[in-house]
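Undergrad: Below you will find the structure I want to go over with you.
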Amino acid sequence: MPREIINVQAGQAGNQVGESFWRMVLAEHGLDSEGHYVGDDPLQIARVGVFFTEVSHSGTANKYVPRSVQIDLEDGVCERIRSGPLGGLFRPDTFVTGNSGAGNNWAKGFYTEGAELMENILELVRKQTEDTDALQGFQVLHSLGGGTGAGLGSLMLSKFREEYPDRMLSTYSILPSPKVSETVVEPYNALLSLNQLVENSDLTLCIDNEALYEVTQRTLKVNQPSFDDLNNVVAQVMCGVSTSLRFPGQLNGDLRKLAMNLIPFPRLHFLMPSYAPFYNPNSKAYVRWSVKDLTTALFERANLLVACDPRYGRYLTAATIFRGTVASQEAEQAVQDLQRKNSSQFVEWVPDNVSVSLCSVPPVGQQQSATCLGNSTAVQELFKRNHTQFAAMYKRRAFLHWYTGEGMDSMEFSEAESNVQDLIAEYQQYQEATVDEEEDVEYEQQDIAVEYEQSAEEAEYDEPVEEEFQQ
């Protein structure tokens with residue numbers, strides 16, 4: 001019985017990343033662009049139910065329909081998907097679009113335009129959940145810089161948390177880049193969204209365009225990368241994360257297992273994804289990757305999908321997912337060696353903090369690959385960068401009238417700011433924490449408790465004596 005995941009893609013970025021993801025998933029499961037099976041390996045179709053619903057009609061081949069909802073506050077991107085090569089794949093009623101657009105305004109997505117579509121979205125998602133046997137959870141694809149992905153995406157997460165409190169909520173969130181800026185009000189939208197993600201998401205995979213540009217230009221040698229090139233890189237990671245659900249393997253993992261092993265404290269669930277191997281297609285014939293090479297590459301900055309340097313933080317936990325013919329002993333040994341050599345980059349108060357999953361089916365066109373999700377304190381760099389930009393604008397109350405005009409209170413900005421500052425402080429606290437400190441505190445507490453008990457006992461003995469004297 002498959003543990004199903006419902007895909008929800010919101011806004012322009014979410015829908016474009018989603019399109020690349022579905023193309024890749026179709027190829028891995030041997031399905032054509034209409035959803036008909038054309039593969040030759042029974043493993044491809046064995047657990048296809050994780051992302052697809054099987055529809056059978058008499059006289060025609062079975063069709064596999066994605067379990068997905070496509071949402072946007074303007075219909076341009078959804079219309080492009082409908083009229084594109086994947087137009088015949090999705091159910092027509094799973095597209096939810098508005099007319100006016102969010103205009104990069106978080107408040108429009110969260111309070112006004114987006115809130116009007118919320119009932120339709122929840123009804124669609126409810127229908128999708130009723131078709132599942134054992135729903136694992138949701139994956140939400142959105143960007144935090146715009147209006148629909150950030151505002152409506154945040155609203156959806158809070159509603160999903162209310163409606164399905166016991167299901168996993170994972171998000172692929174595209175954060176504003178340090179240098180590549182799409183809109184001026186990105187810092188506002190991103191910080192308001194982060195405030196919601198801290199409370200409502202179980203796993204948030206942080207991605208940003210600048211890191212994707214670096215991977216495509218430096219490593220894949222694409223001179224002028226298009227959004228399709230960037231989205232394919234994200235799709236590779238997304239397929240890697242869900243691979244244990246979709247294919248058999250020696251050491252399986254799923255969303256819940258990932259969260260269990262990756263999130264030591266509920267608020268610290270912002271993960272840095274990385275992938276290996278990235279290489280120039282022209283040099284593919286000359287390169288051979290061993291398991292050790294893959295493992296080393298996963299923890300290098302060049303392979304991260306987010307623009308922050310893991311050397312400036314420490315890994316609380318990490319999860320590695322290997323695909324292809326990889327021996328479990330070899331993978332575990334490679335991870336252990338890496339941890340031993342770079343012990344200063346891993347916190348010592350979580351002893352075995354890198355988990356390993358293995359899947360025997362490699363990606364299309366590759367022999368082996370690996371995906372890593374790292375929970376590192378270095379991710380605070382993203383939040384600090386965003387907060388600095390936010391504070392500069394908020395200090396002068398620039399652009400605020402656009403948000404208050406949609407019914408927002410300026411206090412929400414202050415609350416979001418303080419929540420993100422608390423998050424940064426928490427990451428910093430656990431980065432600096434050591435085993436010895438905690439032990440000292442524990443022993444001190446025990447000593448205090450013992451002293452308190454002794455003094456209480458003495459007090460008991462003293463009381464009757466005082467009474468005698470009084471008599």
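By convention in this document, the chains of the structure tokens carry letters A, B, ... by their order, each chain's residues are numbered from 1, and ligands are numbered from 1 in the order they are shown.
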Please identify all polymer residues within 9 Å of Val215 of chain A, counting only C-alpha atoms, omitting same-chain residues fewer than 3 positions from it, and present them as a ChimeraX atom specification.
TA: /A:210-212,218-221,230,233,278,302-305
Undergrad: Taking a cut-off of 9 Å and counting only C-alpha atoms, can you build a table that, for each residue of segment 254-276 of chain A near segment 127-140 of chain A, reports the nearest atom pair and how far apart they are in Å (one decimal), sorted by chain then residue number, as JSON lines?
TA:
```
{"residue": "A:Asp254", "atom": "CA", "partner": "A:Gln136", "partner_atom": "CA", "distance": 8.5}
{"residue": "A:Leu255", "atom": "CA", "partner": "A:Gln136", "partner_atom": "CA", "distance": 7.4}
{"residue": "A:Arg256", "atom": "CA", "partner": "A:Gln136", "partner_atom": "CA", "distance": 7.8}
```
Undergrad: So, counting only C-alpha atoms, which residue among A:Ile5, A:Leu144, A:Ala398, A:Val48 is closest to Leu191 of chain A?
TA: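 Among the listed residues, A:Leu144 lies closest to Leu191 of chain A.
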Undergrad: Please return as a list of chain:residue names: the residues of segment 316-371 of chain A that backbone DSSP assigns to strand (DSSP E or B).
TA: A:Leu316, A:Thr317, A:Ala318, A:Ala319, A:Thr320, A:Ile321, A:Phe322, A:Arg323, A:Gly324, A:Phe346, A:Val354, A:Ser355, A:Val356, A:Ser357, A:Leu358, A:Cys359, A:Gln368, A:Ser369, A:Ala370, A:Thr371
Undergrad: I need the residues from that last selection saved to file as a PDB file, in the first residue's frame (with N, CA, C and O atoms), if you can.
TA:
```pdb
ATOM      1  N   LEU A 316      23.396  20.080  12.796  1.00  0.00           N
ATOM      2  CA  LEU A 316      22.692  19.421  13.903  1.00  0.00           C
ATOM      3  C   LEU A 316      22.410  17.976  13.488  1.00  0.00           C
ATOM      4  O   LEU A 316      22.702  17.042  14.226  1.00  0.00           O
ATOM      5  N   THR A 317      21.861  17.819  12.290  1.00  0.00           N
ATOM      6  CA  THR A 317      21.566  16.491  11.736  1.00  0.00           C
ATOM      7  C   THR A 317      21.663  16.589  10.211  1.00  0.00           C
ATOM      8  O   THR A 317      21.684  17.685   9.652  1.00  0.00           O
ATOM      9  N   ALA A 318      21.695  15.441   9.560  1.00  0.00           N
ATOM     10  CA  ALA A 318      21.641  15.396   8.088  1.00  0.00           C
ATOM     11  C   ALA A 318      21.092  14.044   7.668  1.00  0.00           C
ATOM     12  O   ALA A 318      21.199  13.057   8.408  1.00  0.00           O
ATOM     13  N   ALA A 319      20.479  14.004   6.498  1.00  0.00           N
ATOM     14  CA  ALA A 319      19.978  12.737   5.947  1.00  0.00           C
ATOM     15  C   ALA A 319      20.529  12.588   4.541  1.00  0.00           C
ATOM     16  O   ALA A 319      20.425  13.506   3.732  1.00  0.00           O
ATOM     17  N   THR A 320      21.158  11.440   4.269  1.00  0.00           N
ATOM     18  CA  THR A 320      21.671  11.179   2.922  1.00  0.00           C
ATOM     19  C   THR A 320      20.822  10.081   2.285  1.00  0.00           C
ATOM     20  O   THR A 320      20.449   9.118   2.948  1.00  0.00           O
ATOM     21  N   ILE A 321      20.518  10.270   1.021  1.00  0.00           N
ATOM     22  CA  ILE A 321      19.698   9.302   0.274  1.00  0.00           C
ATOM     23  C   ILE A 321      20.482   8.906  -0.970  1.00  0.00           C
ATOM     24  O   ILE A 321      20.721   9.755  -1.848  1.00  0.00           O
ATOM     25  N   PHE A 322      20.904   7.658  -1.037  1.00  0.00           N
ATOM     26  CA  PHE A 322      21.692   7.170  -2.182  1.00  0.00           C
ATOM     27  C   PHE A 322      20.794   6.385  -3.122  1.00  0.00           C
ATOM     28  O   PHE A 322      19.957   5.602  -2.683  1.00  0.00           O
ATOM     29  N   ARG A 323      21.007   6.587  -4.427  1.00  0.00           N
ATOM     30  CA  ARG A 323      20.237   5.862  -5.445  1.00  0.00           C
ATOM     31  C   ARG A 323      21.186   5.095  -6.351  1.00  0.00           C
ATOM     32  O   ARG A 323      22.271   5.577  -6.672  1.00  0.00           O
ATOM     33  N   GLY A 324      20.749   3.911  -6.779  1.00  0.00           N
ATOM     34  CA  GLY A 324      21.592   3.082  -7.652  1.00  0.00           C
ATOM     35  C   GLY A 324      22.153   1.903  -6.870  1.00  0.00           C
ATOM     36  O   GLY A 324      21.752   1.632  -5.740  1.00  0.00           O
ATOM     37  N   PHE A 346      30.078  19.089  12.904  1.00  0.00           N
ATOM     38  CA  PHE A 346      28.888  18.392  13.401  1.00  0.00           C
ATOM     39  C   PHE A 346      28.806  18.583  14.913  1.00  0.00           C
ATOM     40  O   PHE A 346      29.830  18.485  15.601  1.00  0.00           O
ATOM     41  N   VAL A 354      23.950  11.640  11.155  1.00  0.00           N
ATOM     42  CA  VAL A 354      23.718  11.554   9.706  1.00  0.00           C
ATOM     43  C   VAL A 354      23.052  10.215   9.400  1.00  0.00           C
ATOM     44  O   VAL A 354      23.642   9.155   9.625  1.00  0.00           O
ATOM     45  N   SER A 355      21.805  10.262   8.923  1.00  0.00           N
ATOM     46  CA  SER A 355      21.096   9.019   8.597  1.00  0.00           C
ATOM     47  C   SER A 355      21.334   8.665   7.128  1.00  0.00           C
ATOM     48  O   SER A 355      21.634   9.538   6.304  1.00  0.00           O
ATOM     49  N   VAL A 356      21.199   7.382   6.807  1.00  0.00           N
ATOM     50  CA  VAL A 356      21.461   6.899   5.441  1.00  0.00           C
ATOM     51  C   VAL A 356      20.239   6.136   4.933  1.00  0.00           C
ATOM     52  O   VAL A 356      19.710   5.266   5.628  1.00  0.00           O
ATOM     53  N   SER A 357      19.767   6.481   3.720  1.00  0.00           N
ATOM     54  CA  SER A 357      18.710   5.708   3.042  1.00  0.00           C
ATOM     55  C   SER A 357      19.254   5.225   1.708  1.00  0.00           C
ATOM     56  O   SER A 357      20.022   5.947   1.058  1.00  0.00           O
ATOM     57  N   LEU A 358      18.855   4.042   1.308  1.00  0.00           N
ATOM     58  CA  LEU A 358      19.329   3.473   0.037  1.00  0.00           C
ATOM     59  C   LEU A 358      18.144   3.083  -0.830  1.00  0.00           C
ATOM     60  O   LEU A 358      17.177   2.513  -0.335  1.00  0.00           O
ATOM     61  N   CYS A 359      18.239   3.377  -2.112  1.00  0.00           N
ATOM     62  CA  CYS A 359      17.207   2.982  -3.075  1.00  0.00           C
ATOM     63  C   CYS A 359      17.908   2.381  -4.280  1.00  0.00           C
ATOM     64  O   CYS A 359      18.881   2.948  -4.783  1.00  0.00           O
ATOM     65  N   GLN A 368      24.397   6.236 -10.551  1.00  0.00           N
ATOM     66  CA  GLN A 368      24.237   6.472  -9.115  1.00  0.00           C
ATOM     67  C   GLN A 368      23.970   7.957  -8.878  1.00  0.00           C
ATOM     68  O   GLN A 368      24.359   8.791  -9.684  1.00  0.00           O
ATOM     69  N   SER A 369      23.313   8.252  -7.774  1.00  0.00           N
ATOM     70  CA  SER A 369      23.182   9.656  -7.381  1.00  0.00           C
ATOM     71  C   SER A 369      22.940   9.711  -5.884  1.00  0.00           C
ATOM     72  O   SER A 369      22.661   8.678  -5.255  1.00  0.00           O
ATOM     73  N   ALA A 370      23.059  10.880  -5.317  1.00  0.00           N
ATOM     74  CA  ALA A 370      22.806  11.034  -3.880  1.00  0.00           C
ATOM     75  C   ALA A 370      22.176  12.396  -3.623  1.00  0.00           C
ATOM     76  O   ALA A 370      22.477  13.368  -4.303  1.00  0.00           O
ATOM     77  N   THR A 371      21.296  12.416  -2.635  1.00  0.00           N
ATOM     78  CA  THR A 371      20.654  13.657  -2.209  1.00  0.00           C
ATOM     79  C   THR A 371      20.905  13.804  -0.713  1.00  0.00           C
ATOM     80  O   THR A 371      20.912  12.805  -0.006  1.00  0.00           O
TER      81      THR A 371
END
```
Undergrad: Can you list, as a ChimeraX atom specification, every protein, DNA or RNA residue that comes within 6 Å of Gly374 of chain A when you count only C-alpha atoms, leaving out same-chain residues fewer than 2 positions away?
TA: /A:271-272,318,376
Undergrad: Please save all heavy atoms of the selected residues as a PDB file, in the first residue's frame.
TA:
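Output file result-v3.pdb follows:
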```pdb
ATOM      1  N   LEU A 271      15.780  23.173   6.152  1.00  0.00           N
ATOM      2  CA  LEU A 271      16.830  22.263   5.679  1.00  0.00           C
ATOM      3  C   LEU A 271      17.532  22.816   4.442  1.00  0.00           C
ATOM      4  O   LEU A 271      16.923  23.510   3.628  1.00  0.00           O
ATOM      5  CB  LEU A 271      16.225  20.896   5.348  1.00  0.00           C
ATOM      6  CG  LEU A 271      15.336  20.285   6.438  1.00  0.00           C
ATOM      7  CD1 LEU A 271      14.742  18.967   5.955  1.00  0.00           C
ATOM      8  CD2 LEU A 271      16.128  20.056   7.714  1.00  0.00           C
ATOM      9  N   MET A 272      18.823  22.466   4.316  1.00  0.00           N
ATOM     10  CA  MET A 272      19.601  22.872   3.132  1.00  0.00           C
ATOM     11  C   MET A 272      19.764  21.638   2.236  1.00  0.00           C
ATOM     12  O   MET A 272      20.456  20.694   2.613  1.00  0.00           O
ATOM     13  CB  MET A 272      20.986  23.369   3.563  1.00  0.00           C
ATOM     14  CG  MET A 272      20.927  24.460   4.593  1.00  0.00           C
ATOM     15  SD  MET A 272      22.501  25.294   4.865  1.00  0.00           S
ATOM     16  CE  MET A 272      23.656  23.979   4.947  1.00  0.00           C
ATOM     17  N   ALA A 318      21.695  15.441   9.560  1.00  0.00           N
ATOM     18  CA  ALA A 318      21.641  15.396   8.088  1.00  0.00           C
ATOM     19  C   ALA A 318      21.092  14.044   7.668  1.00  0.00           C
ATOM     20  O   ALA A 318      21.199  13.057   8.408  1.00  0.00           O
ATOM     21  CB  ALA A 318      23.032  15.624   7.494  1.00  0.00           C
ATOM     22  N   SER A 376      21.479  22.507   9.263  1.00  0.00           N
ATOM     23  CA  SER A 376      22.695  23.165   9.740  1.00  0.00           C
ATOM     24  C   SER A 376      22.361  24.534  10.314  1.00  0.00           C
ATOM     25  O   SER A 376      21.452  25.216   9.831  1.00  0.00           O
ATOM     26  CB  SER A 376      23.676  23.334   8.584  1.00  0.00           C
ATOM     27  OG  SER A 376      24.722  24.211   8.935  1.00  0.00           O
TER      28      SER A 376
END
```
Undergrad: Compile the contact shell of Asp72 of chain A as a count of residues only: residues with an atom at most 6 Å away, counting only C-alpha atoms, same-chain residues fewer than 6 positions apart removed.
TA: 3
Undergrad: Return the single residue from A:Val435, A:Met260, A:Leu86, A:Val420 that is closest to Ala190 of chain A, with distances computed using only C-alpha atoms.
TA: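 Smallest distance to Ala190 of chain A is found for A:Val420.
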Undergrad: Name the closest residue to Ile263 of chain A among the candidates A:Tyr279, A:Phe227, A:Tyr315, A:Trp289; distances are taken between atoms, counting only C-alpha atoms.
TA: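 The answer is A:Tyr315, which sits nearest to Ile263 of chain A.
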Undergrad: Go through A:Thr388, A:Ser193, A:Gln421, A:Thr377 one by one, measure the shortest atom-to-atom distance of each to Met156 of chain A using only C-alpha atoms, and give the residue with the smallest value.
TA: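 Comparing A:Thr388, A:Ser193, A:Gln421, A:Thr377 against Met156 of chain A, the winner is A:Ser193.
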Undergrad: Name the closest residue to Pro266 of chain A among the candidates A:Ser344, A:Gln429, A:Thr204, A:Asn189; distances are taken between atoms, counting only C-alpha atoms.
TA: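 Closest to Pro266 of chain A of all the choices is A:Thr204.
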Undergrad: Atom CA of Ser154 of chain A and atom CA of Leu245 of chain A are how many Å apart?
TA: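 According to the coordinates, atom CA of Ser154 of chain A and atom CA of Leu245 of chain A are separated by 26.2 Å.
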Undergrad: Write out as a PyMOL selection string each polymer residue whose atoms come within 12 Å of Thr112 of chain A, counting only C-alpha atoms; drop sequence neighbours fewer than 5 positions from it.
TA: chain A and resi 73+98+100-102+105-107+117-118+147-148+151-152+155+403-408
Undergrad: Please, could you write that set of residues out with N, CA, C and O atoms as a JSON list (two decimals), in the first residue's frame?
TA:
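Wrote it out as selection.json, contents follow:
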```json
[["chain", "number", "residue", "atom", "x", "y", "z"],
["A", 73, "LEU", "N", -3.04, 33.15, -8.74],
["A", 73, "LEU", "CA", -4.03, 34.24, -8.70],
["A", 73, "LEU", "C", -4.17, 34.95, -10.04],
["A", 73, "LEU", "O", -4.97, 35.87, -10.18],
["A", 98, "GLY", "N", -7.26, 32.77, -10.13],
["A", 98, "GLY", "CA", -8.01, 34.02, -9.96],
["A", 98, "GLY", "C", -7.86, 34.85, -11.23],
["A", 98, "GLY", "O", -7.33, 34.38, -12.23],
["A", 100, "SER", "N", -7.30, 38.67, -10.96],
["A", 100, "SER", "CA", -6.61, 39.95, -10.78],
["A", 100, "SER", "C", -5.12, 39.81, -10.50],
["A", 100, "SER", "O", -4.36, 40.73, -10.74],
["A", 101, "GLY", "N", -4.69, 38.68, -9.95],
["A", 101, "GLY", "CA", -3.28, 38.52, -9.58],
["A", 101, "GLY", "C", -2.99, 39.15, -8.23],
["A", 101, "GLY", "O", -3.73, 40.00, -7.75],
["A", 102, "ALA", "N", -1.87, 38.72, -7.62],
["A", 102, "ALA", "CA", -1.53, 39.23, -6.28],
["A", 102, "ALA", "C", -0.59, 40.43, -6.35],
["A", 102, "ALA", "O", -0.39, 41.12, -5.36],
["A", 105, "ASN", "N", 2.09, 41.23, -3.70],
["A", 105, "ASN", "CA", 1.65, 41.74, -2.40],
["A", 105, "ASN", "C", 1.22, 40.57, -1.52],
["A", 105, "ASN", "O", 0.21, 39.91, -1.78],
["A", 106, "TRP", "N", 1.97, 40.31, -0.45],
["A", 106, "TRP", "CA", 1.70, 39.20, 0.48],
["A", 106, "TRP", "C", 0.28, 39.30, 1.05],
["A", 106, "TRP", "O", -0.42, 38.30, 1.17],
["A", 107, "ALA", "N", -0.13, 40.52, 1.38],
["A", 107, "ALA", "CA", -1.45, 40.72, 2.00],
["A", 107, "ALA", "C", -2.58, 40.32, 1.05],
["A", 107, "ALA", "O", -3.61, 39.79, 1.49],
["A", 117, "LEU", "N", -10.25, 32.29, -2.77],
["A", 117, "LEU", "CA", -10.10, 30.99, -3.45],
["A", 117, "LEU", "C", -9.94, 29.83, -2.46],
["A", 117, "LEU", "O", -9.95, 28.67, -2.85],
["A", 118, "MET", "N", -9.78, 30.15, -1.18],
["A", 118, "MET", "CA", -9.39, 29.13, -0.21],
["A", 118, "MET", "C", -10.41, 27.99, -0.10],
["A", 118, "MET", "O", -10.04, 26.83, 0.03],
["A", 147, "GLY", "N", 3.68, 37.30, -4.33],
["A", 147, "GLY", "CA", 2.43, 37.49, -3.61],
["A", 147, "GLY", "C", 1.65, 36.21, -3.44],
["A", 147, "GLY", "O", 1.22, 35.86, -2.34],
["A", 148, "THR", "N", 1.49, 35.44, -4.54],
["A", 148, "THR", "CA", 0.66, 34.23, -4.47],
["A", 148, "THR", "C", 1.38, 33.13, -3.70],
["A", 148, "THR", "O", 0.84, 32.58, -2.74],
["A", 151, "GLY", "N", 1.99, 34.67, 0.05],
["A", 151, "GLY", "CA", 0.78, 34.98, 0.82],
["A", 151, "GLY", "C", -0.22, 33.84, 0.84],
["A", 151, "GLY", "O", -0.58, 33.32, 1.90],
["A", 152, "LEU", "N", -0.65, 33.41, -0.35],
["A", 152, "LEU", "CA", -1.63, 32.32, -0.43],
["A", 152, "LEU", "C", -0.99, 31.01, 0.03],
["A", 152, "LEU", "O", -1.64, 30.17, 0.67],
["A", 155, "LEU", "N", -1.21, 30.97, 3.74],
["A", 155, "LEU", "CA", -2.60, 30.74, 4.15],
["A", 155, "LEU", "C", -2.96, 29.26, 4.01],
["A", 155, "LEU", "O", -3.58, 28.67, 4.91],
["A", 403, "TYR", "N", 0.28, 47.16, 1.97],
["A", 403, "TYR", "CA", -0.12, 46.02, 2.82],
["A", 403, "TYR", "C", -1.26, 46.40, 3.74],
["A", 403, "TYR", "O", -2.23, 45.65, 3.88],
["A", 404, "THR", "N", -1.15, 47.58, 4.37],
["A", 404, "THR", "CA", -2.23, 47.99, 5.29],
["A", 404, "THR", "C", -3.52, 48.27, 4.51],
["A", 404, "THR", "O", -4.61, 48.11, 5.03],
["A", 405, "GLY", "N", -3.38, 48.65, 3.25],
["A", 405, "GLY", "CA", -4.55, 48.88, 2.40],
["A", 405, "GLY", "C", -5.37, 47.62, 2.15],
["A", 405, "GLY", "O", -6.55, 47.68, 1.82],
["A", 406, "GLU", "N", -4.73, 46.46, 2.33],
["A", 406, "GLU", "CA", -5.44, 45.18, 2.14],
["A", 406, "GLU", "C", -5.97, 44.63, 3.47],
["A", 406, "GLU", "O", -6.35, 43.47, 3.56],
["A", 407, "GLY", "N", -5.90, 45.46, 4.52],
["A", 407, "GLY", "CA", -6.47, 45.04, 5.80],
["A", 407, "GLY", "C", -5.44, 44.49, 6.79],
["A", 407, "GLY", "O", -5.81, 43.93, 7.82],
["A", 408, "MET", "N", -4.16, 44.62, 6.47],
["A", 408, "MET", "CA", -3.13, 44.13, 7.39],
["A", 408, "MET", "C", -2.85, 45.17, 8.46],
["A", 408, "MET", "O", -2.97, 46.37, 8.22]]
```
Undergrad: Here is a test: counting only C-alpha atoms, which residue of A:Asp293, A:Asp41, A:Glu186, A:Glu381 is nearest to Pro310 of chain A?
TA: A:Glu381
Undergrad: Identify, on the basis of only C-alpha atoms, every residue whose closest approach to Ser20 of chain A does not exceed 8 Å; exclude the query and any residue fewer than 6 positions from it along the same chain; express the result as a list in words.
TA: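 My list of contacting residues is Asp228, Asn231, Asn232 and Ala235 of chain A.
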Undergrad: Could you dump the residues just selected with C-alpha atoms as a short mmCIF file (atom, residue, chain, number, x, y, z; two decimals), in the first residue's frame?
TA:
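Result file is selection09.cif:
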```
data_model
loop_
_atom_site.label_atom_id
_atom_site.label_comp_id
_atom_site.auth_asym_id
_atom_site.auth_seq_id
_atom_site.Cartn_x
_atom_site.Cartn_y
_atom_site.Cartn_z
CA ASP A 228 13.81 25.49 -17.02
CA ASN A 231 13.89 24.05 -12.19
CA ASN A 232 15.40 20.78 -13.41
CA ALA A 235 13.27 18.59 -9.58
#
```
Undergrad: Record the distance separating atom CA of Asn419 of chain A and atom CA of Leu194 of chain A, expressed in Å with one decimal.
TA: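 Interatomic distance, atom CA of Asn419 of chain A to atom CA of Leu194 of chain A: 8.8 Å.
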Undergrad: What is the distance between atom CA of Asp40 of chain A and atom CA of Val326 of chain A, in Å to one decimal?
TA: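 Interatomic distance here is 22.6 Å.
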